[in-house]
file upload.txt (compact mmCIF, C-alpha atoms)
# COMPACT_ATOMS: atom_id res chain seq x y z
CA MET A 1 -8.61 -20.59 24.67
CA GLN A 2 -10.88 -20.51 21.68
CA LYS A 3 -10.61 -16.76 21.27
CA TYR A 4 -6.83 -16.81 21.43
CA VAL A 5 -6.67 -19.39 18.68
CA ILE A 6 -9.05 -17.32 16.51
CA ALA A 7 -7.05 -14.15 17.17
CA PHE A 8 -3.84 -15.95 16.32
CA THR A 9 -5.16 -17.20 12.96
CA VAL A 10 -6.42 -13.70 12.09
CA LEU A 11 -3.00 -12.19 12.85
CA LEU A 12 -1.39 -14.91 10.79
CA SER A 13 -3.63 -14.13 7.82
CA ILE A 14 -2.84 -10.41 7.97
CA ILE A 15 0.88 -11.12 8.06
CA ALA A 16 0.61 -13.59 5.18
CA GLU A 17 -1.32 -11.08 3.09
CA SER A 18 1.10 -8.23 3.61
CA ALA A 19 4.47 -9.95 3.76
CA LEU A 20 4.17 -13.31 2.01
CA PHE A 21 1.61 -12.87 -0.75
CA PRO A 22 3.16 -9.80 -2.41
CA PHE A 23 5.67 -12.32 -3.75
CA LEU A 24 2.82 -14.38 -5.21
CA SER A 25 0.65 -11.53 -6.45
CA ILE A 26 -1.12 -11.70 -9.79
CA ASN A 27 -1.03 -8.34 -11.53
CA GLY A 28 -0.59 -6.70 -8.15
CA VAL A 29 -3.64 -8.42 -6.66
CA VAL A 30 -3.32 -10.27 -3.36
CA PRO A 31 -6.09 -12.53 -1.99
CA ASN A 32 -8.04 -11.19 0.95
CA LEU A 33 -7.37 -14.06 3.36
CA THR A 34 -8.73 -12.25 6.40
CA LEU A 35 -12.12 -11.91 4.74
CA ILE A 36 -12.22 -15.64 3.96
CA LEU A 37 -11.27 -16.39 7.55
CA VAL A 38 -14.01 -14.13 8.93
CA ILE A 39 -16.60 -15.85 6.73
CA SER A 40 -15.39 -19.32 7.68
CA TYR A 41 -15.72 -18.55 11.40
CA ALA A 42 -19.05 -16.82 10.90
CA LEU A 43 -20.49 -20.01 9.40
CA TYR A 44 -20.15 -21.69 12.81
CA GLU A 45 -20.59 -18.73 15.16
CA GLU A 46 -23.32 -16.70 16.81
CA GLU A 47 -24.19 -13.35 15.20
CA GLY A 48 -22.61 -11.17 17.87
CA ASN A 49 -19.40 -13.13 18.10
CA ALA A 50 -19.06 -13.26 14.32
CA GLY A 51 -19.56 -9.49 14.11
CA LEU A 52 -16.96 -8.99 16.83
CA ILE A 53 -14.43 -11.23 15.09
CA GLY A 54 -14.99 -9.26 11.88
CA LEU A 55 -14.69 -5.92 13.64
CA LEU A 56 -11.44 -6.77 15.43
CA ALA A 57 -9.92 -8.43 12.37
CA GLY A 58 -10.80 -5.44 10.18
CA LEU A 59 -9.52 -2.90 12.68
CA THR A 60 -6.23 -4.72 13.13
CA LYS A 61 -5.78 -4.98 9.38
CA ASP A 62 -6.58 -1.30 8.85
CA ILE A 63 -4.16 -0.23 11.55
CA VAL A 64 -1.28 -2.46 10.55
CA VAL A 65 -1.31 -2.25 6.76
CA GLY A 66 -4.06 0.19 5.76
CA ARG A 67 -4.22 3.90 5.26
CA ILE A 68 -7.76 4.77 6.30
CA ILE A 69 -8.73 3.16 9.58
CA GLY A 70 -12.21 1.66 9.75
CA VAL A 71 -13.15 0.70 6.21
CA SER A 72 -12.20 -2.98 6.46
CA ALA A 73 -13.59 -2.97 9.99
CA ILE A 74 -17.06 -1.95 8.75
CA SER A 75 -17.13 -4.38 5.87
CA PHE A 76 -15.73 -7.34 7.82
CA MET A 77 -18.09 -6.72 10.74
CA LEU A 78 -21.18 -6.55 8.55
CA THR A 79 -20.03 -9.59 6.55
CA GLY A 80 -19.49 -11.59 9.72
CA TYR A 81 -22.86 -10.55 11.11
CA PHE A 82 -24.87 -11.36 8.00
CA VAL A 83 -23.20 -14.70 7.39
CA ALA A 84 -23.82 -15.70 11.00
CA HIS A 85 -27.38 -14.39 10.84
CA TYR A 86 -28.24 -16.75 8.01
CA ASN A 87 -25.98 -19.66 8.92
CA ARG A 88 -28.87 -21.76 10.26
CA LYS A 89 -30.67 -21.48 6.97
CA ILE A 90 -27.70 -22.33 4.78
CA PHE A 91 -25.90 -25.60 4.53
CA ALA A 92 -22.46 -24.81 5.86
CA GLU A 93 -20.98 -28.25 5.34
CA HIS A 94 -20.89 -28.17 1.57
CA VAL A 95 -17.88 -26.55 -0.05
CA THR A 96 -19.91 -24.43 -2.49
CA THR A 97 -21.42 -22.45 0.40
CA PRO A 98 -18.21 -20.67 1.41
CA LEU A 99 -17.29 -20.21 -2.24
CA ILE A 100 -20.50 -18.32 -3.00
CA LEU A 101 -20.32 -16.39 0.27
CA VAL A 102 -16.72 -15.38 -0.37
CA MET A 103 -17.68 -14.13 -3.82
CA LEU A 104 -20.54 -12.04 -2.48
CA ALA A 105 -18.47 -10.75 0.43
CA THR A 106 -15.57 -9.80 -1.82
CA LEU A 107 -17.92 -7.82 -4.00
CA PHE A 108 -19.41 -6.19 -0.89
CA HIS A 109 -16.00 -5.41 0.61
CA GLU A 110 -14.58 -3.89 -2.57
CA SER A 111 -17.78 -1.87 -3.13
CA ILE A 112 -17.57 -0.40 0.37
CA TYR A 113 -13.93 0.43 -0.20
CA LEU A 114 -14.71 2.01 -3.56
CA LEU A 115 -17.50 4.04 -1.98
CA PHE A 116 -15.33 5.43 0.80
CA VAL A 117 -12.37 6.07 -1.47
CA PHE A 118 -14.71 7.94 -3.79
CA LEU A 119 -16.46 9.88 -1.00
CA LEU A 120 -13.13 10.91 0.51
CA GLY A 121 -12.20 12.57 -2.73
CA TYR A 122 -9.78 10.14 -4.29
CA GLN A 123 -9.85 9.45 -7.99
CA VAL A 124 -11.58 6.21 -8.89
CA ASP A 125 -11.60 4.30 -12.13
CA LEU A 126 -14.58 1.99 -12.43
CA LEU A 127 -13.25 0.02 -15.40
CA TYR A 128 -10.08 -0.72 -13.53
CA ALA A 129 -12.08 -1.68 -10.47
CA ILE A 130 -14.13 -4.15 -12.48
CA HIS A 131 -11.09 -5.66 -14.14
CA GLN A 132 -9.07 -5.88 -10.95
CA VAL A 133 -11.84 -6.97 -8.62
CA TRP A 134 -14.15 -9.03 -10.77
CA MET A 135 -11.60 -10.93 -12.78
CA ILE A 136 -8.40 -11.27 -10.84
CA GLN A 137 -9.44 -10.82 -7.23
CA PHE A 138 -12.42 -13.16 -7.59
CA LEU A 139 -10.36 -15.92 -9.11
CA TYR A 140 -7.55 -15.66 -6.60
CA GLN A 141 -10.05 -15.42 -3.78
CA LEU A 142 -11.88 -18.58 -4.84
CA ILE A 143 -8.64 -20.53 -5.14
CA MET A 144 -7.67 -19.54 -1.60
CA THR A 145 -11.12 -20.19 -0.10
CA ILE A 146 -10.92 -23.98 -0.20
CA PRO A 147 -7.71 -24.41 1.86
CA VAL A 148 -8.69 -21.69 4.37
CA TYR A 149 -12.19 -23.09 4.87
CA ALA A 150 -10.88 -26.64 5.20
CA PHE A 151 -8.37 -25.41 7.75
CA VAL A 152 -11.04 -23.64 9.82
CA ARG A 153 -13.25 -26.74 9.84
CA LYS A 154 -10.39 -28.90 11.05
CA LEU A 155 -9.51 -26.25 13.63
CA LEU A 156 -13.04 -26.09 15.04
CA GLN A 157 -13.07 -29.86 15.52
CA TRP A 158 -9.94 -29.65 17.64
CA HIS A 159 -10.80 -30.33 21.31
CA VAL A 160 -9.34 -26.99 22.51
CA MET A 161 -11.85 -25.16 20.33
CA LYS A 162 -14.95 -26.86 21.74
CA LYS A 163 -17.27 -24.39 23.38
CA GLN A 164 -17.55 -24.59 27.12
CA TYR A 165 -20.92 -23.01 27.66
CA MET B 1 -17.32 -16.13 25.02
CA VAL B 2 -16.88 -12.39 25.24
CA ASN B 3 -18.29 -9.70 27.45
CA GLU B 4 -20.83 -10.80 30.01
CA LEU B 5 -21.87 -7.22 30.74
CA ILE B 6 -23.45 -6.64 27.37
CA ASN B 7 -24.86 -9.86 26.08
CA LEU B 8 -23.52 -9.77 22.57
CA ASN B 9 -25.63 -12.63 21.34
CA ASP B 10 -28.98 -11.37 22.54
CA LYS B 11 -30.83 -11.27 19.24
CA ASN B 12 -32.48 -7.92 20.02
CA HIS B 13 -29.33 -6.08 20.95
CA VAL B 14 -27.08 -7.09 18.08
CA PRO B 15 -28.53 -4.80 15.35
CA ILE B 16 -28.48 -1.81 17.72
CA ILE B 17 -24.88 -2.39 18.74
CA LEU B 18 -24.00 -2.95 15.09
CA THR B 19 -25.48 0.38 14.05
CA ILE B 20 -23.68 2.26 16.81
CA VAL B 21 -20.37 0.63 15.93
CA VAL B 22 -20.85 1.49 12.24
CA ILE B 23 -21.45 5.13 13.12
CA VAL B 24 -18.37 5.22 15.35
CA LEU B 25 -16.31 3.59 12.60
CA ILE B 26 -17.48 6.14 10.03
CA MET B 27 -16.32 8.85 12.41
CA ILE B 28 -12.94 7.14 12.71
CA ILE B 29 -12.74 6.91 8.93
CA GLY B 30 -13.38 10.63 8.63
CA PHE B 31 -10.77 11.33 11.23
CA THR B 32 -8.07 9.11 9.74
CA SER B 33 -8.70 9.68 6.05
CA HIS B 34 -6.04 12.37 5.78
CA GLN B 35 -2.45 12.49 6.82
CA ARG B 36 -2.13 13.10 10.53
CA GLU B 37 0.61 14.69 12.61
CA GLN B 38 0.60 11.97 15.23
CA ILE B 39 -0.60 8.39 15.15
CA PHE B 40 -2.39 6.67 18.03
CA ILE B 41 -0.42 4.77 20.63
CA LEU B 42 -2.41 1.67 19.72
CA GLU B 43 -1.26 1.92 16.11
CA ARG B 44 2.32 2.28 17.18
CA GLY B 45 2.14 -0.72 19.49
CA LEU B 46 0.44 -2.99 16.97
CA GLY B 47 2.99 -2.05 14.33
CA ASN B 48 5.81 -3.02 16.66
CA VAL B 49 4.22 -6.43 17.24
CA PHE B 50 3.92 -7.15 13.54
CA LEU B 51 7.29 -5.75 12.49
CA PRO B 52 9.69 -8.61 13.36
CA ILE B 53 7.46 -11.31 11.87
CA GLN B 54 6.85 -9.38 8.66
CA ARG B 55 10.52 -8.61 8.36
CA MET B 56 11.47 -12.25 8.83
CA ILE B 57 8.98 -13.48 6.24
CA SER B 58 9.75 -10.93 3.58
CA LYS B 59 13.47 -11.38 4.06
CA GLY B 60 13.08 -15.13 3.71
CA MET B 61 10.84 -14.77 0.67
CA SER B 62 13.18 -12.41 -1.13
CA GLN B 63 16.02 -14.81 -0.45
CA VAL B 64 13.99 -17.69 -1.87
CA GLU B 65 13.12 -15.57 -4.87
CA GLU B 66 16.72 -14.61 -5.39
CA SER B 67 17.95 -18.18 -5.24
CA LEU B 68 15.25 -19.29 -7.66
CA VAL B 69 16.39 -16.66 -10.11
CA THR B 70 19.97 -17.81 -9.71
CA LEU B 71 18.92 -21.38 -10.33
CA ILE B 72 17.13 -20.51 -13.53
CA ARG B 73 19.86 -18.32 -14.90
CA SER B 74 23.48 -19.28 -14.69
CA SER B 75 25.41 -17.40 -12.05
CA ASP B 76 27.83 -15.84 -14.53
CA ILE B 77 25.13 -13.92 -16.33
CA LYS B 78 23.78 -12.68 -13.06
CA ASP B 79 27.13 -11.37 -11.84
CA GLU B 80 27.78 -9.65 -15.10
CA ASN B 81 24.35 -8.18 -15.11
CA ASN B 82 24.77 -6.87 -11.58
CA GLN B 83 28.08 -5.29 -12.43
CA LEU B 84 26.68 -3.64 -15.53
CA ARG B 85 23.68 -2.40 -13.64
CA ALA B 86 25.87 -0.89 -10.93
CA ILE B 87 28.01 0.84 -13.55
CA ASN B 88 24.96 2.03 -15.42
CA GLU B 89 23.42 3.39 -12.26
CA SER B 90 26.48 5.32 -11.22
CA LEU B 91 26.87 6.69 -14.74
CA GLN B 92 23.26 7.76 -14.78
CA HIS B 93 23.68 9.52 -11.46
CA GLN B 94 26.78 11.22 -12.72
CA LEU B 95 25.01 12.35 -15.83
CA ILE B 96 22.15 13.85 -13.90
CA GLU B 97 24.48 15.49 -11.44
CA LEU B 98 26.66 16.92 -14.18
CA GLN B 99 23.79 18.34 -16.14
CA LEU B 100 22.28 19.77 -13.02
CA THR B 101 25.46 21.32 -11.76
CA GLN B 102 26.03 22.89 -15.11
CA GLU B 103 22.60 24.44 -15.11
CA GLU B 104 22.76 25.35 -11.48
CA LEU B 105 26.09 27.01 -11.94
CA SER B 106 24.92 29.34 -14.64
CA GLU B 107 21.72 30.06 -12.73
CA LEU B 108 23.55 30.74 -9.52
CA GLN B 109 26.09 32.93 -11.17
CA GLN B 110 23.29 34.99 -12.54
CA LEU B 111 21.55 35.11 -9.21
CA GLN B 112 24.68 36.01 -7.36
CA ARG B 113 25.13 38.96 -9.57
CA THR B 114 21.66 40.27 -9.03
CA LEU B 115 20.99 39.24 -5.45
CA ASN B 116 23.18 38.65 -2.52
CA SER B 117 21.80 35.17 -2.09
CA ILE B 118 23.04 32.36 0.10
CA ASP B 119 22.99 28.85 -1.31
CA ARG B 120 20.70 26.81 0.89
CA ARG B 121 21.99 23.26 1.12
CA ASP B 122 19.71 20.54 2.32
CA ASP B 123 21.31 18.23 4.80
CA PHE B 124 20.49 14.69 3.90
CA PHE B 125 20.89 11.89 6.40
CA PRO B 126 20.22 8.81 4.36
CA VAL B 127 18.79 5.80 6.17
CA THR B 128 18.64 2.42 4.47
CA ALA B 129 15.58 0.28 5.04
CA ASN B 130 13.94 -2.92 3.84
CA VAL B 131 10.44 -3.12 2.45
CA ILE B 132 8.73 -5.55 4.82
CA ALA B 133 5.05 -5.40 3.90
CA LYS B 134 2.73 -4.15 1.24
CA ASN B 135 -0.85 -2.89 1.51
CA PRO B 136 -2.87 -5.83 0.18
CA GLY B 137 -5.85 -3.78 -1.05
CA ASN B 138 -6.54 -2.67 -4.59
CA TRP B 139 -6.99 1.03 -3.98
CA PHE B 140 -3.77 2.29 -2.45
CA GLU B 141 -0.16 1.72 -3.33
CA MET B 142 1.44 1.73 0.10
CA PHE B 143 4.08 -0.29 1.85
CA THR B 144 5.82 -0.59 5.20
CA ILE B 145 9.56 -0.22 5.73
CA ASP B 146 11.56 -1.26 8.76
CA ALA B 147 12.90 2.14 9.77
CA GLY B 148 11.03 4.58 11.95
CA SER B 149 11.39 7.65 14.12
CA GLN B 150 14.15 5.94 16.12
CA GLN B 151 16.23 5.80 12.95
CA GLY B 152 15.47 9.42 12.14
CA VAL B 153 12.70 8.91 9.61
CA GLU B 154 10.11 11.67 9.71
CA LYS B 155 6.76 12.29 8.12
CA ASP B 156 7.23 13.38 4.49
CA SER B 157 10.75 11.97 4.29
CA VAL B 158 11.70 11.13 0.71
CA VAL B 159 12.14 7.48 -0.24
CA ILE B 160 14.45 6.45 -3.08
CA GLY B 161 14.86 2.98 -4.52
CA SER B 162 17.47 1.54 -6.79
CA GLY B 163 17.25 3.70 -9.86
CA GLY B 164 14.81 6.38 -8.90
CA LEU B 165 12.15 8.00 -6.80
CA VAL B 166 9.88 5.69 -4.83
CA GLY B 167 7.69 7.97 -2.75
CA ARG B 168 7.31 9.68 0.58
CA VAL B 169 6.74 8.67 4.18
CA TYR B 170 3.11 8.87 5.30
CA GLU B 171 3.28 7.78 8.93
CA THR B 172 6.07 6.72 11.24
CA GLY B 173 6.12 4.43 14.23
CA HIS B 174 9.15 3.82 16.39
CA PHE B 175 10.73 1.20 14.18
CA TRP B 176 8.57 1.24 11.04
CA SER B 177 7.04 3.70 8.61
CA LYS B 178 4.38 3.56 5.97
CA VAL B 179 5.37 4.87 2.57
CA ILE B 180 3.13 6.15 -0.24
CA ALA B 181 4.48 5.28 -3.67
CA ILE B 182 4.54 7.89 -6.43
CA ILE B 183 2.21 5.67 -8.47
CA ASP B 184 -0.45 5.96 -5.75
CA ASN B 185 -3.71 7.65 -6.53
CA SER B 186 -3.08 10.60 -4.20
CA SER B 187 0.51 11.33 -5.09
CA SER B 188 1.82 14.01 -7.40
CA VAL B 189 5.34 15.11 -8.19
CA SER B 190 6.60 18.15 -10.03
CA PHE B 191 9.11 17.20 -12.68
CA GLN B 192 11.43 18.64 -15.24
CA VAL B 193 12.86 17.08 -18.36
CA LEU B 194 16.47 16.08 -17.82
CA ARG B 195 17.50 17.22 -21.30
CA ASP B 196 16.12 20.69 -20.80
CA GLY B 197 15.33 21.93 -17.31
CA SER B 198 12.97 24.61 -18.53
CA LEU B 199 10.39 22.01 -19.53
CA GLN B 200 8.48 21.42 -16.34
CA GLY B 201 5.23 19.85 -15.31
CA ILE B 202 3.34 17.78 -12.81
CA ILE B 203 2.93 14.06 -12.77
CA SER B 204 0.51 12.04 -10.67
CA GLY B 205 -0.29 8.44 -9.94
CA SER B 206 -3.67 6.79 -10.40
CA VAL B 207 -5.71 3.84 -9.17
CA THR B 208 -4.43 1.91 -12.15
CA ASN B 209 -0.89 2.50 -10.86
CA GLU B 210 0.24 4.34 -13.94
CA LEU B 211 2.09 7.61 -13.92
CA SER B 212 0.69 10.34 -16.11
CA GLY B 213 0.89 14.07 -16.10
CA TYR B 214 1.11 17.21 -18.11
CA LEU B 215 3.58 19.91 -19.00
CA PHE B 216 3.00 23.52 -18.08
CA ASP B 217 3.94 24.66 -21.55
CA PRO B 218 1.69 23.19 -24.26
CA ASP B 219 4.35 23.85 -26.89
CA ALA B 220 7.12 22.11 -24.98
CA GLU B 221 9.13 19.78 -27.14
CA VAL B 222 9.16 16.48 -25.34
CA VAL B 223 9.96 13.26 -27.12
CA VAL B 224 9.30 9.65 -26.25
CA GLY B 225 12.24 8.35 -24.22
CA ASP B 226 12.92 11.62 -22.46
CA GLN B 227 13.96 11.11 -18.87
CA LEU B 228 12.17 13.03 -16.16
CA ILE B 229 13.68 14.11 -12.87
CA THR B 230 12.20 15.88 -9.88
CA SER B 231 12.30 19.63 -10.31
CA GLY B 232 12.79 20.58 -6.69
CA ILE B 233 9.44 22.34 -6.39
CA GLY B 234 7.48 20.95 -3.48
CA LEU B 235 8.33 18.02 -1.29
CA TYR B 236 10.99 16.25 -3.29
CA PRO B 237 14.56 17.53 -3.64
CA LYS B 238 15.83 18.28 -7.11
CA GLY B 239 17.45 15.74 -9.38
CA ILE B 240 15.95 12.35 -8.53
CA LEU B 241 15.11 10.23 -11.56
CA ILE B 242 11.38 9.58 -11.91
CA GLY B 243 11.10 7.68 -15.16
CA GLU B 244 10.94 7.73 -18.90
CA VAL B 245 8.27 9.19 -21.17
CA THR B 246 6.41 6.42 -23.01
CA THR B 247 3.63 8.26 -24.83
CA ILE B 248 2.75 11.87 -25.50
CA ASP B 249 -0.81 13.03 -26.10
CA ARG B 250 -1.97 16.40 -27.09
CA THR B 251 -5.57 16.98 -26.20
CA PRO B 252 -6.71 19.86 -28.37
CA ASP B 253 -9.54 20.99 -26.14
CA LEU B 254 -7.45 20.99 -22.98
CA LEU B 255 -4.57 22.99 -24.45
CA LEU B 256 -2.21 20.79 -22.51
CA LYS B 257 0.44 18.34 -23.47
CA SER B 258 0.01 15.18 -21.43
CA VAL B 259 2.60 12.47 -21.00
CA ASN B 260 2.56 8.90 -19.75
CA VAL B 261 5.61 7.83 -17.83
CA GLU B 262 7.19 4.48 -17.10
CA PRO B 263 8.62 4.74 -13.58
CA ALA B 264 12.32 4.03 -13.15
CA VAL B 265 11.61 1.84 -10.15
CA ASN B 266 9.89 -1.55 -10.43
CA PHE B 267 7.23 -1.26 -7.74
CA ASN B 268 6.43 -4.96 -7.81
CA ARG B 269 9.95 -5.87 -6.80
CA LEU B 270 10.93 -3.38 -4.17
CA ASP B 271 13.38 -4.66 -1.62
CA LYS B 272 15.84 -2.11 -0.29
CA VAL B 273 15.17 1.62 -0.15
CA LEU B 274 16.96 4.74 0.97
CA VAL B 275 15.19 7.34 3.11
CA ILE B 276 16.39 10.93 3.18
CA SER B 277 15.08 13.56 5.53
CA PRO B 278 12.42 15.94 4.26
CA ARG B 279 13.22 19.37 2.98
CA THR B 280 12.61 22.03 5.49
CA ILE B 281 10.77 24.72 3.69
CA ASP B 282 11.44 27.86 5.66
CA GLU B 283 11.02 31.07 3.87

call {"tool": "encode", "arguments": {"input": "upload.txt", "output": "C-alpha cells"}}
result
Amino acid sequence: MQKYVIAFTVLLSIIAESALFPFLSINGVVPNLTLILVISYALYEEEGNAGLIGLLAGLTKDIVVGRIIGVSAISFMLTGYFVAHYNRKIFAEHVTTPLILVMLATLFHESIYLLFVFLLGYQVDLLYAIHQVWMIQFLYQLIMTIPVYAFVRKLLQWHVMKKQY
Amino acid sequence: MVNELINLNDKNHVPIILTIVVIVLIMIIGFTSHQREQIFILERGLGNVFLPIQRMISKGMSQVEESLVTLIRSSDIKDENNQLRAINESLQHQLIELQLTQEELSELQQLQRTLNSIDRRDDFFPVTANVIAKNPGNWFEMFTIDAGSQQGVEKDSVVIGSGGLVGRVYETGHFWSKVIAIIDNSSSVSFQVLRDGSLQGIISGSVTNELSGYLFDPDAEVVVGDQLITSGIGLYPKGILIGEVTTIDRTPDLLLKSVNVEPAVNFNRLDKVLVISPRTIDE
C-alpha cells in the first residue's frame, strides 16, 4: 500500500509541475516539486528505497515531460541515496533541515543538467543559469518546500503508510 | 518493501547497484539525446496515462485565468479587443499573402520562361490542438499538445500559434506530441524580411529564450520594426510570421549583421495551436 501512495504522490507532483504551475511561473521558472518530494521521503527511508524512489520519479518525469531521458533520473536517484545515507545523522524533524537539503539538491540537480546539456553540445549561458537557478528557482523552491514537507510528514503518520516489516 | 531477490537495503550492495544504474542511465542519455525516429512503447503508454489529467488541469486553469482577466477588465473592452485582434490578424495574413504572391508571381513567371517547371504545392492538413503541459526545467523550451499520430501529426510537423510560428514537433505518441519552440536552444529558422524578400538570414533560439540571428548579407538594410517571415528554406513552409526586429548590431570583426527578434507569439501564454504536416522534401 505504502508504495502505491508514494507513486501516486510522485505522479501528482509531475502533473502539477507540467500542467498547473506553468500558470503560476515566475519568469518562466517552475518549482521542482518532484525533487522536494524525493528529499522528503528520503529523510524517512532506507538508502536503497530512497534511491529507487528517486530513480523511478526521475525516469517518469524525463519520459513524460523531458527531452533527454535519464538526466533527472540520475540526479534524483543520487539525491535520494545521499539524503537517506545521512538521515540518521541529521535532525529530520526540524523544518530547516529540508530547506537546506532542498537548496543543496536543487544546486546539484541543475548542475548535473547543465553538465549534460553542455556535454551533449547544446549552447549554455552560465550567467543566465546563475540568474535563473540561484535567484528565482531557489526562492520558489524554498517557498514550496514547507507545504510539501509538511504534507509528507502527515502522510507518513497515516496508518496505511506504517511499515509492516 | 521492494524486491526480495536483490536486497536493496543491504548496505554493501547499494553503492554497487547505484554505480551500475548510473552507467546504464548515462547510456540511455546518450541514446535519447537526439531526435529519434521511434519512441519506446513505455514512453507512449506513460504519455497516454498522463494526457487526460494534464488536459483537464490546463483546461481548467486557462478557464480560471480567462475569467480572472474578465473580472479585472470590463467585458466590453475585452470583446472589442478580441474583435480588433481578429481583424488585425486577418489583415496581417492578407498582407503577407499579398506580398508573397506578388513576389512569387514575378519569380514564377521568370522561371516558367526559362524552365519548364511544375509548381509544387504542399498539401497542408491543419490539426488544431491544445497545449496541455510544459517542460518544467530551465534548459529546454518544450511543451506537450493533445494531438498525436492518430490525428495525423508527424515528426517535424510545423506548429503555428495565434499570430505566428511556434515551433516543430519533436516526438509523437498516439494522442499527444512534444513540440520544440523556436525560442529553444537547439532551434533555428531561416527567415526573410517581409518588406524585401531578398534579405535573408538565420535566426536561432537560446537558453535565455531570446531569438537572435544574423543576415547573410552584411550590407542588408534592415530597420528596427521590420517583420520577419519564414523563407521556405528548410523545415518550415514559406510565409509564416516569426516576429519583429527589436535591435540591430553590427559586429565589425564578424562581418555580419546580427538582429534580435521579438517573437510574434507569446510563449508564456500558449493555449491553442495549429499543426500542419511537414514538408516533404523530395528532390

call {"tool": "interface_residues", "arguments": {"input": "upload.txt", "of": "chain A", "to": "chain B", "cutoff": "6 Å", "atoms": "only C-alpha atoms", "output": "ChimeraX atom specification"}}
result
/A:18-19,30,48,63-65,68-70

call {"tool": "write_last_selection", "arguments": {"input": "upload.txt", "atoms": "C-alpha atoms", "output": "PDB file, keeping the file's coordinate frame"}}
result
ATOM      1  CA  SER A  18       1.100  -8.230   3.610  1.00  0.00           C
ATOM      2  CA  ALA A  19       4.470  -9.950   3.760  1.00  0.00           C
ATOM      3  CA  VAL A  30      -3.320 -10.270  -3.360  1.00  0.00           C
ATOM      4  CA  GLY A  48     -22.610 -11.170  17.870  1.00  0.00           C
ATOM      5  CA  ILE A  63      -4.160  -0.230  11.550  1.00  0.00           C
ATOM      6  CA  VAL A  64      -1.280  -2.460  10.550  1.00  0.00           C
ATOM      7  CA  VAL A  65      -1.310  -2.250   6.760  1.00  0.00           C
ATOM      8  CA  ILE A  68      -7.760   4.770   6.300  1.00  0.00           C
ATOM      9  CA  ILE A  69      -8.730   3.160   9.580  1.00  0.00           C
ATOM     10  CA  GLY A  70     -12.210   1.660   9.750  1.00  0.00           C
TER      11      GLY A  70
END

call {"tool": "closest_residue", "arguments": {"input": "upload.txt", "among": "B:Thr101, B:Gln94, B:Thr70, B:Ser188", "to": "Gly201 (chain B)", "atoms": "all atoms listed in the file"}}
result
B:Ser188

call {"tool": "residues_near_point", "arguments": {"input": "upload.txt", "point": "(4.8, 10.3, 4.9)", "cutoff": "10 Å", "atoms": "all atoms listed in the file", "output": "list in words"}}
result
Gln35, Arg36, Glu37, Val153, Glu154, Lys155, Asp156, Ser157, Val158, Val159, Gly167, Arg168, Val169, Tyr170, Glu171, Thr172, Ser177, Lys178, Val179, Ile180, Ala181 and Pro278 of chain B

call {"tool": "atom_distance", "arguments": {"input": "upload.txt", "atom1": "CA of Tyr113 (chain A)", "atom2": "CA of Ile145 (chain B)"}}
result
24.2 Å

call {"tool": "closest_residue", "arguments": {"input": "upload.txt", "among": "A:Phe116, A:Tyr140, A:Phe76, A:Tyr41", "to": "Ser25 (chain A)", "atoms": "only C-alpha atoms"}}
result
A:Tyr140

call {"tool": "atom_distance", "arguments": {"input": "upload.txt", "atom1": "CA of Asn12 (chain B)", "atom2": "CA of Thr60 (chain A)"}}
result
27.3 Å

call {"tool": "closest_residue", "arguments": {"input": "upload.txt", "among": "A:Leu43, A:Leu99, A:Leu114, A:Leu127", "to": "Ile143 (chain A)", "atoms": "all atoms listed in the file"}}
result
A:Leu99

call {"tool": "residues_around", "arguments": {"input": "upload.txt", "residues": "Arg153 (chain A)", "least_positions_apart": "6", "cutoff": "12 Å", "atoms": "only C-alpha atoms", "output": "CSV table (one decimal) with C-alpha atoms, in the frame of the given file"}}
result
chain,number,residue,atom,x,y,z
A,37,LEU,CA,-11.3,-16.4,7.6
A,39,ILE,CA,-16.6,-15.8,6.7
A,40,SER,CA,-15.4,-19.3,7.7
A,41,TYR,CA,-15.7,-18.6,11.4
A,42,ALA,CA,-19.0,-16.8,10.9
A,43,LEU,CA,-20.5,-20.0,9.4
A,44,TYR,CA,-20.2,-21.7,12.8
A,92,ALA,CA,-22.5,-24.8,5.9
A,93,GLU,CA,-21.0,-28.2,5.3
A,94,HIS,CA,-20.9,-28.2,1.6
A,95,VAL,CA,-17.9,-26.6,0.0
A,98,PRO,CA,-18.2,-20.7,1.4
A,146,ILE,CA,-10.9,-24.0,-0.2
A,147,PRO,CA,-7.7,-24.4,1.9
A,161,MET,CA,-11.8,-25.2,20.3

call {"tool": "closest_residue", "arguments": {"input": "upload.txt", "among": "B:Val69, B:Pro52, B:Val275, B:Gln192", "to": "Ile233 (chain B)", "atoms": "all atoms listed in the file"}}
result
B:Gln192

call {"tool": "residues_around", "arguments": {"input": "upload.txt", "residues": "Ala57 (chain A)", "least_positions_apart": "4", "cutoff": "9 Å", "atoms": "all atoms listed in the file", "output": "MDAnalysis selection string"}}
result
chainID A and resid 7 10:11 14 34:35 38 52:53 61:62 72:73 76:77

call {"tool": "atom_distance", "arguments": {"input": "upload.txt", "atom1": "CA of Val148 (chain A)", "atom2": "CA of Ile36 (chain A)"}}
result
7.0 Å

call {"tool": "closest_residue", "arguments": {"input": "upload.txt", "among": "A:Val133, A:Leu55, A:Ile100, A:Ile90", "to": "Leu78 (chain A)", "atoms": "all atoms listed in the file"}}
result
A:Leu55

call {"tool": "closest_residue", "arguments": {"input": "upload.txt", "among": "B:Leu228, B:Leu199, B:Leu91, B:Leu241", "to": "Val166 (chain B)", "atoms": "only C-alpha atoms"}}
result
B:Leu241
